[in-house]
>>> print(open('upload.tsv').read())   # TSV, C-alpha atoms
chain	number	residue	atom	x	y	z
A	1	MET	CA	-25.62	58.72	150.95
A	2	VAL	CA	-26.41	55.44	152.55
A	3	VAL	CA	-23.32	53.47	153.42
A	4	GLY	CA	-23.20	49.94	152.09
A	5	ILE	CA	-20.67	47.17	152.02
A	6	ASP	CA	-17.19	48.64	151.91
A	7	ASP	CA	-15.54	49.25	148.56
A	8	ALA	CA	-12.59	46.99	149.29
A	9	TYR	CA	-14.89	43.96	149.61
A	10	LEU	CA	-16.69	44.74	146.36
A	11	VAL	CA	-13.43	45.45	144.55
A	12	ARG	CA	-12.00	42.08	145.59
A	13	ALA	CA	-15.16	40.36	144.36
A	14	ALA	CA	-15.13	42.34	141.10
A	15	GLN	CA	-11.45	41.55	140.58
A	16	ALA	CA	-12.35	37.90	140.95
A	17	GLY	CA	-14.82	38.31	138.08
A	18	ASP	CA	-18.05	39.00	139.95
A	19	ASP	CA	-19.99	41.33	137.65
A	20	ASP	CA	-22.65	41.98	140.26
A	21	ALA	CA	-20.02	43.38	142.57
A	22	PHE	CA	-18.70	45.57	139.77
A	23	GLU	CA	-22.25	46.74	139.10
A	24	ALA	CA	-22.63	47.63	142.78
A	25	LEU	CA	-19.42	49.68	142.58
A	26	VAL	CA	-20.63	51.46	139.46
A	27	ARG	CA	-23.96	52.28	141.08
A	28	ARG	CA	-22.24	53.55	144.17
A	29	HIS	CA	-19.75	55.79	142.38
A	30	GLN	CA	-21.53	56.82	139.19
A	31	LEU	CA	-22.57	60.19	140.62
A	32	LEU	CA	-19.00	61.09	141.56
A	33	VAL	CA	-17.75	60.14	138.10
A	34	TYR	CA	-20.51	61.92	136.22
A	35	ARG	CA	-20.32	65.03	138.40
A	36	VAL	CA	-16.60	65.48	137.77
A	37	ALA	CA	-17.08	64.91	134.05
A	38	LEU	CA	-19.94	67.42	133.88
A	39	ARG	CA	-17.94	70.05	135.67
A	40	MET	CA	-14.84	69.42	133.63
A	41	LEU	CA	-16.63	69.36	130.28
A	42	GLY	CA	-19.69	71.55	130.91
A	43	ASN	CA	-21.81	69.53	128.53
A	44	ALA	CA	-24.20	66.76	129.59
A	45	GLN	CA	-23.75	64.53	126.53
A	46	GLU	CA	-19.97	64.70	126.60
A	47	ALA	CA	-20.01	64.19	130.35
A	48	GLU	CA	-22.08	61.04	129.98
A	49	ASP	CA	-19.69	59.71	127.34
A	50	ALA	CA	-16.71	60.50	129.53
A	51	ALA	CA	-18.35	58.88	132.57
A	52	GLN	CA	-19.09	55.72	130.55
A	53	ASP	CA	-15.54	55.60	129.22
A	54	ALA	CA	-14.11	56.14	132.68
A	55	LEU	CA	-16.20	53.39	134.29
A	56	LEU	CA	-15.42	50.97	131.47
A	57	GLY	CA	-11.77	51.96	131.85
A	58	ALA	CA	-12.00	51.16	135.55
A	59	TRP	CA	-13.34	47.70	134.74
A	60	ARG	CA	-10.51	47.10	132.26
A	61	ALA	CA	-7.88	48.24	134.73
A	62	LEU	CA	-9.45	46.64	137.78
A	63	GLU	CA	-6.67	44.11	138.20
A	64	ASN	CA	-4.14	46.95	138.44
A	65	PHE	CA	-6.01	48.59	141.28
A	66	LYS	CA	-3.98	48.41	144.48
A	67	ALA	CA	-5.92	47.70	147.61
A	68	ASP	CA	-3.80	50.20	149.57
A	69	SER	CA	-5.49	53.19	147.92
A	70	GLU	CA	-9.07	54.38	148.00
A	71	PHE	CA	-11.25	53.15	145.16
A	72	SER	CA	-12.87	56.59	144.90
A	73	THR	CA	-9.46	58.30	144.55
A	74	TRP	CA	-8.64	55.86	141.79
A	75	LEU	CA	-11.92	56.65	140.03
A	76	TYR	CA	-11.26	60.37	140.38
A	77	ARG	CA	-7.97	59.81	138.63
A	78	ILE	CA	-9.50	57.81	135.80
A	79	VAL	CA	-12.35	60.20	135.08
A	80	THR	CA	-10.17	63.32	135.41
A	81	ASN	CA	-7.61	61.90	133.01
A	82	ARG	CA	-10.36	60.89	130.62
A	83	CYS	CA	-11.72	64.45	130.62
A	84	LEU	CA	-8.26	65.98	130.24
A	85	THR	CA	-7.64	63.77	127.22
A	86	MET	CA	-10.94	64.79	125.67
A	87	LEU	CA	-10.21	68.46	126.32
A	88	ARG	CA	-6.65	68.37	125.00
A	89	ARG	CA	-7.71	66.64	121.82
A	90	ALA	CA	-7.75	69.41	119.25
A	91	ARG	CA	-11.21	70.67	118.67
A	92	PRO	CA	-12.48	73.99	117.39
A	93	GLN	CA	-13.11	76.36	120.25
A	94	GLU	CA	-16.85	76.76	120.04
A	95	PRO	CA	-18.85	78.59	122.65
A	96	LEU	CA	-19.41	76.05	125.37
A	97	GLU	CA	-22.92	74.98	125.91
A	98	ASP	CA	-24.33	75.43	129.35
A	99	ASP	CA	-25.70	72.10	130.43
A	100	TYR	CA	-25.41	72.47	134.17
A	101	PRO	CA	-28.70	71.83	135.93
A	102	ASP	CA	-30.90	74.80	135.32
A	103	THR	CA	-32.81	76.64	137.96
A	104	ALA	CA	-36.07	77.50	136.25
A	105	ALA	CA	-38.48	80.34	136.92
A	106	GLU	CA	-36.68	82.16	139.68
A	107	PRO	CA	-38.18	85.32	141.18
A	108	PRO	CA	-36.87	88.50	139.49
A	109	ASP	CA	-34.65	89.51	142.39
A	110	GLN	CA	-32.65	86.34	141.91
A	111	VAL	CA	-32.07	86.89	138.21
A	112	GLU	CA	-28.93	88.88	138.82
A	113	GLY	CA	-27.57	86.07	140.97
A	114	LEU	CA	-28.40	83.55	138.23
A	115	ASP	CA	-26.62	85.67	135.62
A	116	ARG	CA	-23.59	85.76	137.87
A	117	LEU	CA	-23.63	81.99	138.29
A	118	ARG	CA	-23.98	81.52	134.55
A	119	ALA	CA	-21.02	83.79	133.92
A	120	LEU	CA	-19.05	81.98	136.60
A	121	LYS	CA	-19.67	78.63	134.90
A	122	GLY	CA	-18.44	80.16	131.66
A	123	ALA	CA	-15.32	81.47	133.40
A	124	ILE	CA	-14.59	78.06	134.92
A	125	LEU	CA	-14.95	76.44	131.52
A	126	ALA	CA	-12.56	79.03	130.09
A	127	LEU	CA	-9.74	77.98	132.43
A	128	THR	CA	-7.10	75.65	131.02
A	129	PRO	CA	-8.13	72.00	131.52
A	130	GLU	CA	-5.31	71.49	134.05
A	131	GLN	CA	-6.36	74.50	136.10
A	132	ARG	CA	-10.00	73.48	135.90
A	133	ALA	CA	-9.16	70.00	137.17
A	134	VAL	CA	-7.58	71.27	140.40
A	135	LEU	CA	-10.38	73.76	140.90
A	136	VAL	CA	-13.10	71.15	140.38
A	137	LEU	CA	-11.43	68.64	142.70
A	138	ARG	CA	-10.85	71.22	145.41
A	139	GLU	CA	-13.89	73.51	145.31
A	140	PHE	CA	-16.53	71.11	144.01
A	141	GLU	CA	-15.38	67.73	145.24
A	142	ASP	CA	-13.80	69.04	148.44
A	143	LEU	CA	-10.71	66.84	148.17
A	144	SER	CA	-7.63	67.63	150.27
A	145	TYR	CA	-4.40	68.81	148.61
A	146	ASP	CA	-2.96	65.41	149.34
A	147	GLU	CA	-5.84	63.59	147.64
A	148	ILE	CA	-5.72	65.92	144.64
A	149	GLY	CA	-1.99	65.21	144.43
A	150	ARG	CA	-2.71	61.49	144.26
A	151	VAL	CA	-5.46	61.97	141.67
A	152	LEU	CA	-3.34	64.15	139.39
A	153	GLU	CA	-0.01	62.55	140.31
A	154	LEU	CA	1.42	65.86	141.47
A	155	SER	CA	3.22	66.93	144.61
A	156	GLU	CA	1.20	68.81	147.18
A	157	ALA	CA	3.22	71.95	146.42
A	158	ALA	CA	2.41	71.61	142.72
A	159	VAL	CA	-1.29	71.24	143.56
A	160	LYS	CA	-1.21	74.40	145.66
A	161	GLY	CA	0.62	76.32	142.95
A	162	ARG	CA	-1.78	75.25	140.25
A	163	LEU	CA	-4.78	75.97	142.43
A	164	HIS	CA	-3.37	79.40	143.22
A	165	ARG	CA	-3.03	80.19	139.53
A	166	ALA	CA	-6.49	78.80	138.77
A	167	ARG	CA	-8.08	80.98	141.44
A	168	GLY	CA	-6.23	84.07	140.29
A	169	GLU	CA	-7.26	83.34	136.72
A	170	LEU	CA	-10.88	82.84	137.76
A	171	ALA	CA	-10.89	86.16	139.64
A	172	ASP	CA	-9.41	87.78	136.56
A	173	LYS	CA	-11.92	86.25	134.17
A	174	THR	CA	-14.90	87.16	136.29
A	175	GLN	CA	-14.14	90.78	136.94
A	176	SER	CA	-15.32	92.05	133.54
A	177	TRP	CA	-18.92	91.09	134.20
A	178	ARG	CA	-19.01	92.47	137.72
B	1	MET	CA	-9.72	94.86	139.94
B	2	ASN	CA	-6.20	94.14	138.81
B	3	ASP	CA	-3.70	94.69	136.03
B	4	ARG	CA	-2.68	92.06	133.53
B	5	ASN	CA	-0.13	90.50	135.83
B	6	GLY	CA	-2.76	89.66	138.39
B	7	ARG	CA	-1.56	92.31	140.83
B	8	LEU	CA	-3.52	95.06	142.51
B	9	ALA	CA	-2.34	98.68	142.45
B	10	CYS	CA	-0.76	98.08	145.87
B	11	GLY	CA	1.27	95.18	144.50
B	12	THR	CA	-0.69	92.39	146.18
B	13	GLN	CA	-1.32	89.33	144.02
B	14	VAL	CA	-5.01	88.68	143.44
B	15	GLY	CA	-4.34	84.93	143.54
B	16	VAL	CA	-3.02	85.26	147.10
B	17	LEU	CA	-6.21	86.99	148.19
B	18	ALA	CA	-8.27	84.40	146.30
B	19	ASP	CA	-6.48	81.57	148.14
B	20	GLN	CA	-7.17	83.35	151.42
B	21	VAL	CA	-10.89	83.69	150.69
B	22	ALA	CA	-11.29	80.21	149.21
B	23	GLU	CA	-9.55	78.46	152.08
B	24	HIS	CA	-10.92	80.71	154.83
B	25	ALA	CA	-7.28	81.32	155.69
B	26	ALA	CA	-5.76	84.08	157.79
B	27	PRO	CA	-4.26	86.96	155.80
B	28	ILE	CA	-0.53	86.73	155.15
B	29	ASP	CA	-0.17	90.47	155.74
B	30	PRO	CA	-3.00	91.46	158.09
B	31	ARG	CA	-1.67	94.93	158.79
B	32	HIS	CA	-1.46	95.88	155.12
B	33	GLN	CA	-4.89	94.42	154.32
B	34	ALA	CA	-6.51	96.23	157.23
B	35	ASP	CA	-6.13	99.63	155.63
B	36	CYS	CA	-5.35	99.01	151.96
B	37	PRO	CA	-8.40	100.13	149.94
B	38	HIS	CA	-7.32	97.99	146.95
B	39	CYS	CA	-7.08	94.84	149.01
B	40	ARG	CA	-10.34	95.53	150.80
B	41	ALA	CA	-12.21	96.12	147.56
B	42	ALA	CA	-10.71	93.01	145.98
B	43	LEU	CA	-11.52	90.91	149.06
B	44	GLY	CA	-15.13	92.09	148.89
B	45	GLU	CA	-15.41	90.98	145.28
B	46	LEU	CA	-13.66	87.70	145.96
B	47	GLU	CA	-15.99	86.93	148.87
B	48	GLN	CA	-18.91	87.33	146.51
B	49	LEU	CA	-17.18	85.29	143.81
B	50	TRP	CA	-16.42	82.45	146.21
B	51	GLY	CA	-19.93	82.63	147.60
B	52	ASP	CA	-21.04	81.94	144.03
B	53	VAL	CA	-18.51	79.13	143.63
B	54	ARG	CA	-19.86	77.49	146.78
B	55	GLU	CA	-23.41	77.94	145.58
B	56	LEU	CA	-22.48	76.29	142.30
B	57	ALA	CA	-20.86	73.45	144.21
B	58	ARG	CA	-24.13	72.87	146.07
B	59	GLU	CA	-26.17	72.47	142.90
B	60	GLU	CA	-27.63	69.01	142.61
B	61	VAL	CA	-26.36	67.00	139.67
B	62	ALA	CA	-28.74	64.35	138.37
B	63	ILE	CA	-27.18	61.14	137.10
B	64	PRO	CA	-28.23	60.26	133.54
B	65	GLY	CA	-30.68	57.37	133.84
B	66	GLY	CA	-28.98	54.88	131.56
B	67	LEU	CA	-25.39	55.28	132.73
B	68	VAL	CA	-25.08	52.01	134.66
B	69	THR	CA	-26.86	50.00	131.98
B	70	ALA	CA	-24.65	51.47	129.26
B	71	VAL	CA	-21.46	50.72	131.17
B	72	LEU	CA	-22.50	47.15	131.93
B	73	ARG	CA	-23.50	46.59	128.30
B	74	ARG	CA	-20.04	47.70	127.19
B	75	VAL	CA	-18.39	45.50	129.82
B	76	ARG	CA	-20.36	42.49	128.59
B	77	ARG	CA	-19.61	43.23	124.96
B	78	GLU	CA	-15.93	43.48	125.70
B	79	ARG	CA	-15.94	40.27	127.69
B	80	GLU	CA	-17.69	38.43	124.84
B	81	GLU	CA	-15.19	39.72	122.30
B	82	HIS	CA	-12.38	38.52	124.53
B	83	ALA	CA	-13.88	35.12	125.15
B	84	GLY	CA	-14.85	34.43	121.55
B	85	PRO	CA	-18.16	32.99	120.42
B	86	SER	CA	-18.10	29.74	122.38
B	87	LEU	CA	-19.29	31.08	125.73
B	88	PRO	CA	-21.96	29.23	127.60
B	89	LEU	CA	-25.32	30.84	127.00
B	90	GLU	CA	-25.84	32.02	130.57
B	91	GLN	CA	-22.70	34.14	130.36
B	92	VAL	CA	-23.81	35.79	127.14
B	93	VAL	CA	-27.41	36.47	128.05
B	94	PRO	CA	-27.56	38.93	130.91
B	95	ARG	CA	-29.37	37.42	133.82
B	96	LEU	CA	-31.80	39.51	135.77
B	97	VAL	CA	-30.09	40.99	138.76
B	98	ARG	CA	-32.18	41.64	141.81
B	99	HIS	CA	-31.28	44.32	144.27
B	100	ALA	CA	-31.87	45.68	147.69
B	101	LEU	CA	-32.68	49.36	147.41
B	102	LEU	CA	-31.64	51.90	150.02
B	103	ARG	CA	-33.22	55.29	149.56
B	104	GLY	CA	-31.07	58.19	150.71
B	105	SER	CA	-31.62	61.91	150.60
B	106	ARG	CA	-28.75	62.41	148.14
B	107	GLY	CA	-29.12	59.28	146.07
B	108	HIS	CA	-30.04	55.63	146.23
B	109	THR	CA	-27.87	52.62	146.84
B	110	GLN	CA	-28.61	49.28	145.29
B	111	ILE	CA	-27.01	46.10	146.50
B	112	ALA	CA	-27.26	42.99	144.37
B	113	ASP	CA	-28.82	39.97	146.09
B	114	SER	CA	-25.76	37.93	145.26
B	115	VAL	CA	-23.62	40.38	147.23
B	116	ILE	CA	-25.86	40.10	150.27
B	117	ALA	CA	-25.83	36.33	149.95
B	118	LYS	CA	-22.02	36.31	149.89
B	119	LEU	CA	-21.86	38.41	153.00
B	120	ILE	CA	-24.22	36.11	154.84
B	121	ARG	CA	-22.44	32.98	153.64
B	122	HIS	CA	-19.16	34.40	154.88
B	123	THR	CA	-20.63	35.30	158.27
B	124	VAL	CA	-22.31	31.94	158.76
B	125	LEU	CA	-19.24	29.93	157.81
B	126	ALA	CA	-17.07	32.03	160.13
B	127	THR	CA	-19.26	31.19	163.12
B	128	PRO	CA	-17.76	28.51	165.43
B	129	GLY	CA	-19.87	25.39	165.49
B	130	VAL	CA	-20.95	25.65	161.87
B	131	GLY	CA	-19.57	22.82	159.76
B	132	SER	CA	-20.84	23.84	156.36
B	133	LEU	CA	-23.90	24.93	154.45
B	134	ALA	CA	-26.10	22.52	152.58
B	135	ARG	CA	-25.63	22.57	148.83
B	136	GLY	CA	-27.42	25.01	146.52
B	137	SER	CA	-30.48	26.94	147.53
B	138	GLU	CA	-31.11	24.58	150.42
B	139	GLY	CA	-27.96	25.93	152.03
B	140	LEU	CA	-28.67	29.60	151.68
B	141	SER	CA	-31.54	31.51	150.23
B	142	VAL	CA	-31.95	35.24	150.45
B	143	SER	CA	-35.04	37.19	149.54
B	144	VAL	CA	-34.80	40.92	149.37
B	145	GLU	CA	-37.65	43.40	149.35
B	146	GLN	CA	-36.52	47.05	149.28
B	147	ASP	CA	-34.39	47.27	152.43
B	148	GLU	CA	-35.60	44.09	154.14
B	149	VAL	CA	-33.82	40.81	153.85
B	150	GLY	CA	-35.30	37.41	154.58
B	151	VAL	CA	-32.76	34.64	155.12
B	152	ARG	CA	-33.12	30.86	155.12
B	153	ILE	CA	-30.16	28.65	155.83
B	154	GLY	CA	-29.64	24.91	155.91
B	155	LEU	CA	-26.78	23.97	158.19
B	156	VAL	CA	-24.42	21.14	158.82
B	157	VAL	CA	-23.26	21.69	162.40
B	158	ASP	CA	-20.27	20.36	164.30
B	159	LEU	CA	-20.97	17.22	166.25
B	160	SER	CA	-20.72	18.49	169.81
B	161	VAL	CA	-22.27	21.91	169.38
B	162	ALA	CA	-25.35	23.05	171.31
B	163	ILE	CA	-27.83	24.04	168.63
B	164	PRO	CA	-30.07	26.71	170.24
B	165	PRO	CA	-27.15	28.97	171.30
B	166	LEU	CA	-25.55	28.46	167.89
B	167	VAL	CA	-28.70	29.56	166.08
B	168	GLN	CA	-28.99	32.54	168.40
B	169	ALA	CA	-25.36	33.51	167.70
B	170	LEU	CA	-25.93	33.15	163.97
B	171	ARG	CA	-28.99	35.35	164.06
B	172	VAL	CA	-27.09	38.09	165.93
B	173	ARG	CA	-24.11	37.93	163.60
B	174	VAL	CA	-26.14	37.89	160.40
B	175	GLU	CA	-28.26	40.74	161.66
B	176	ARG	CA	-25.19	42.76	162.54
B	177	GLU	CA	-23.64	42.04	159.16
B	178	ILE	CA	-26.74	42.98	157.21
B	179	GLU	CA	-27.52	46.08	159.21
B	180	GLY	CA	-24.02	47.26	159.94
B	181	ILE	CA	-22.36	46.63	156.63
B	182	ALA	CA	-25.14	46.74	154.09
B	183	GLY	CA	-27.56	49.07	155.89
B	184	LEU	CA	-30.44	46.60	155.51
B	185	ARG	CA	-32.92	45.06	157.96
B	186	LEU	CA	-33.26	41.39	158.71
B	187	SER	CA	-36.95	40.53	158.42
B	188	THR	CA	-36.91	36.74	158.87
B	189	PHE	CA	-34.21	34.28	159.77
B	190	ASP	CA	-35.02	30.60	159.41
B	191	VAL	CA	-32.53	27.90	160.19
B	192	SER	CA	-32.79	24.19	159.53
B	193	VAL	CA	-30.10	21.89	160.80
B	194	ILE	CA	-29.86	19.18	158.20
B	195	ASP	CA	-26.84	17.23	159.36
B	196	VAL	CA	-23.94	16.97	161.77
B	197	SER	CA	-20.37	16.69	160.65
B	198	GLU	CA	-18.48	13.99	162.48
B	199	THR	CA	-14.97	15.14	161.62
>>> encode(input="upload.tsv", output="structure tokens")
Amino acid sequence: MVVGIDDAYLVRAAQAGDDDAFEALVRRHQLLVYRVALRMLGNAQEAEDAAQDALLGAWRALENFKADSEFSTWLYRIVTNRCLTMLRRARPQEPLEDDYPDTAAEPPDQVEGLDRLRALKGAILALTPEQRAVLVLREFEDLSYDEIGRVLELSEAAVKGRLHRARGELADKTQSWR
Amino acid sequence: MNDRNGRLACGTQVGVLADQVAEHAAPIDPRHQADCPHCRAALGELEQLWGDVRELAREEVAIPGGLVTAVLRRVRREREEHAGPSLPLEQVVPRLVRHALLRGSRGHTQIADSVIAKLIRHTVLATPGVGSLARGSEGLSVSVEQDEVGVRIGLVVDLSVAIPPLVQALRVRVEREIEGIAGLRLSTFDVSVIDVSET
């Protein structure tokens, strides 16, 4: 990713009402927001809705953003919370659609690998939303325990504990198809 | 691999082994793991599982095309609702925003012209010897083409300043700002000194 003007500068401009600066922030961070939403929700349409809501939410809350934290950490928090809210909202447990990017027309010897990945996605989506959140932030977004703690407003020990349970659960859920 | 409590037959928690594999950490109980068949089998499976997790993490995710537009439309709508119907027209009708475009291997960055102009304005005004910029587009005009920026400035300089070194210093600073902070190239840099400030 090409590095541009630093976030802090754009945030100050956006806080002062500069919509172009806010647009620049959205363009810069939209992939992060959408990626988390897609991995949390597993469905492209819902992920796009969640990403829109999260970015609009960021605009609404912009004046509350404290310059002493990273803008990206703040966005992680907003989009993760948005997804958790969507997931906790009672909805019939339907089989989750697989809308991750598809790898089309793979050679036959890779089919087994693809089946495994597909099953893994299903197993991740079958974790509790709270467990999935720590797993996504750690394994997919590569955040440190400390950062995850700030995103989820948990202590580092709580992050480790939850991650530990999520990993154990994932191992448990994936063994049946092995 | 394990019973319902997440433990192997030898009593080891699968989650502990999963943490070890996921974090590339040293085993807590190396001596036990070295010759426990249950642990070794589980570790083998977990290595494969985490290989898959990492592969999944490497998958490219494509951003939906209309995401930015949709967000900005909602921002505008909300602002209009807040401000009521008596807004000046130019605030209601979205103006065309021009951008610099930086192409990267993992995504593109766009920087609005107005942002680049602000950066340059800030740099110029912070340079000793510069009094002010002329008003409006005569003071600063920025033209952006992909990743190249052309800059024209109209200056009011301090009375006693030597102009050629000042212009040289400005060029260096603006270039550094544009390249260092925004990742863009300075294509042209034209300066006209339109006045001196006597204060």
>>> residues_around(input="upload.tsv", residues="Glu55 in chain B", least_positions_apart="3", cutoff="12 Å", atoms="all atoms listed in the file", output="count of residues only")
17
>>> residues_around(input="upload.tsv", residues="Gly183 in chain B", least_positions_apart="6", cutoff="12 Å", atoms="all atoms listed in the file", output="ChimeraX atom specification")
/A:1-6 /B:100-104,108-111,116,146-149,175-177
>>> atom_distance(input="upload.tsv", atom1="CA of His38 in chain B", atom2="CA of Gly161 in chain A")
23.4 Å
>>> closest_residue(input="upload.tsv", among="A:Ala44, A:Leu143, A:Leu154, A:Ala126", to="chain B", atoms="only C-alpha atoms")
A:Ala44
>>> residues_around(input="upload.tsv", residues="Ala157 in chain A", least_positions_apart="4", cutoff="10 Å", atoms="all atoms listed in the file", output="list in words")
Tyr145, Asp146, Gly149, Gly161, Arg162 and Leu163 of chain A
>>> atom_distance(input="upload.tsv", atom1="CA of Val157 in chain B", atom2="CA of Val191 in chain B")
11.4 Å
>>> interface_residues(input="upload.tsv", of="chain A", to="chain B", cutoff="7 Å", atoms="only C-alpha atoms", output="short mmCIF file (atom, residue, chain, number, x, y, z; two decimals) with C-alpha atoms, keeping the file's coordinate frame")
data_model
loop_
_atom_site.label_atom_id
_atom_site.label_comp_id
_atom_site.auth_asym_id
_atom_site.auth_seq_id
_atom_site.Cartn_x
_atom_site.Cartn_y
_atom_site.Cartn_z
CA MET A 1 -25.62 58.72 150.95
CA VAL A 2 -26.41 55.44 152.55
CA VAL A 3 -23.32 53.47 153.42
CA GLY A 4 -23.20 49.94 152.09
CA ILE A 5 -20.67 47.17 152.02
CA ASP A 20 -22.65 41.98 140.26
CA ALA A 21 -20.02 43.38 142.57
CA ALA A 24 -22.63 47.63 142.78
CA VAL A 26 -20.63 51.46 139.46
CA ARG A 27 -23.96 52.28 141.08
CA ARG A 28 -22.24 53.55 144.17
CA LEU A 31 -22.57 60.19 140.62
CA TYR A 34 -20.51 61.92 136.22
CA ARG A 35 -20.32 65.03 138.40
CA GLN A 52 -19.09 55.72 130.55
CA LEU A 55 -16.20 53.39 134.29
CA LEU A 56 -15.42 50.97 131.47
CA PRO A 101 -28.70 71.83 135.93
CA LEU A 117 -23.63 81.99 138.29
CA PHE A 140 -16.53 71.11 144.01
CA HIS A 164 -3.37 79.40 143.22
CA ARG A 165 -3.03 80.19 139.53
CA ARG A 167 -8.08 80.98 141.44
CA GLY A 168 -6.23 84.07 140.29
CA GLN A 175 -14.14 90.78 136.94
#
>>> atom_distance(input="upload.tsv", atom1="CA of Ile194 in chain B", atom2="CA of Gly154 in chain B")
6.2 Å
>>> closest_residue(input="upload.tsv", among="A:Ala54, A:Leu135, A:Leu62, A:Ala47", to="Val11 in chain A", atoms="all atoms listed in the file")
A:Leu62
>>> decode(input="upload.tsv", residues="range 155-170 of chain B", atoms="N, CA, C and O atoms", output="JSON list (two decimals), in the first residue's frame")
[["chain", "number", "residue", "atom", "x", "y", "z"],
["B", 155, "LEU", "N", 3.30, 34.87, -4.69],
["B", 155, "LEU", "CA", 3.80, 35.15, -3.34],
["B", 155, "LEU", "C", 3.85, 36.63, -3.00],
["B", 155, "LEU", "O", 4.15, 37.47, -3.84],
["B", 156, "VAL", "N", 3.60, 36.92, -1.75],
["B", 156, "VAL", "CA", 3.99, 38.19, -1.17],
["B", 156, "VAL", "C", 5.16, 37.87, -0.25],
["B", 156, "VAL", "O", 5.03, 37.03, 0.64],
["B", 157, "VAL", "N", 6.34, 38.47, -0.55],
["B", 157, "VAL", "CA", 7.52, 38.10, 0.24],
["B", 157, "VAL", "C", 7.86, 39.20, 1.24],
["B", 157, "VAL", "O", 7.43, 40.35, 1.10],
["B", 158, "ASP", "N", 8.61, 38.83, 2.25],
["B", 158, "ASP", "CA", 9.08, 39.82, 3.23],
["B", 158, "ASP", "C", 10.04, 40.80, 2.56],
["B", 158, "ASP", "O", 10.77, 40.43, 1.62],
["B", 159, "LEU", "N", 10.06, 41.99, 3.06],
["B", 159, "LEU", "CA", 10.75, 43.09, 2.40],
["B", 159, "LEU", "C", 12.22, 42.83, 2.12],
["B", 159, "LEU", "O", 12.71, 43.06, 1.04],
["B", 160, "SER", "N", 12.93, 42.29, 3.10],
["B", 160, "SER", "CA", 14.39, 42.22, 2.96],
["B", 160, "SER", "C", 14.89, 40.88, 2.43],
["B", 160, "SER", "O", 16.09, 40.64, 2.40],
["B", 161, "VAL", "N", 13.98, 40.02, 2.00],
["B", 161, "VAL", "CA", 14.40, 38.68, 1.66],
["B", 161, "VAL", "C", 15.04, 38.62, 0.25],
["B", 161, "VAL", "O", 14.65, 39.38, -0.64],
["B", 162, "ALA", "N", 16.05, 37.76, 0.10],
["B", 162, "ALA", "CA", 16.63, 37.54, -1.22],
["B", 162, "ALA", "C", 15.77, 36.53, -1.96],
["B", 162, "ALA", "O", 15.54, 35.42, -1.46],
["B", 163, "ILE", "N", 15.28, 36.92, -3.12],
["B", 163, "ILE", "CA", 14.24, 36.10, -3.76],
["B", 163, "ILE", "C", 14.75, 34.78, -4.35],
["B", 163, "ILE", "O", 14.15, 33.74, -4.10],
["B", 164, "PRO", "N", 15.86, 34.77, -5.12],
["B", 164, "PRO", "CA", 16.25, 33.47, -5.70],
["B", 164, "PRO", "C", 16.47, 32.36, -4.66],
["B", 164, "PRO", "O", 15.96, 31.25, -4.85],
["B", 165, "PRO", "N", 17.21, 32.62, -3.55],
["B", 165, "PRO", "CA", 17.34, 31.54, -2.55],
["B", 165, "PRO", "C", 15.99, 31.14, -1.93],
["B", 165, "PRO", "O", 15.78, 29.97, -1.61],
["B", 166, "LEU", "N", 15.10, 32.12, -1.78],
["B", 166, "LEU", "CA", 13.79, 31.80, -1.21],
["B", 166, "LEU", "C", 13.03, 30.84, -2.12],
["B", 166, "LEU", "O", 12.46, 29.84, -1.67],
["B", 167, "VAL", "N", 13.04, 31.15, -3.41],
["B", 167, "VAL", "CA", 12.32, 30.30, -4.37],
["B", 167, "VAL", "C", 12.92, 28.89, -4.39],
["B", 167, "VAL", "O", 12.21, 27.88, -4.41],
["B", 168, "GLN", "N", 14.25, 28.86, -4.33],
["B", 168, "GLN", "CA", 14.93, 27.57, -4.29],
["B", 168, "GLN", "C", 14.51, 26.77, -3.05],
["B", 168, "GLN", "O", 14.20, 25.58, -3.12],
["B", 169, "ALA", "N", 14.48, 27.45, -1.90],
["B", 169, "ALA", "CA", 14.10, 26.78, -0.65],
["B", 169, "ALA", "C", 12.65, 26.28, -0.73],
["B", 169, "ALA", "O", 12.33, 25.18, -0.28],
["B", 170, "LEU", "N", 11.80, 27.10, -1.34],
["B", 170, "LEU", "CA", 10.39, 26.71, -1.46],
["B", 170, "LEU", "C", 10.25, 25.46, -2.32],
["B", 170, "LEU", "O", 9.52, 24.53, -1.98]]
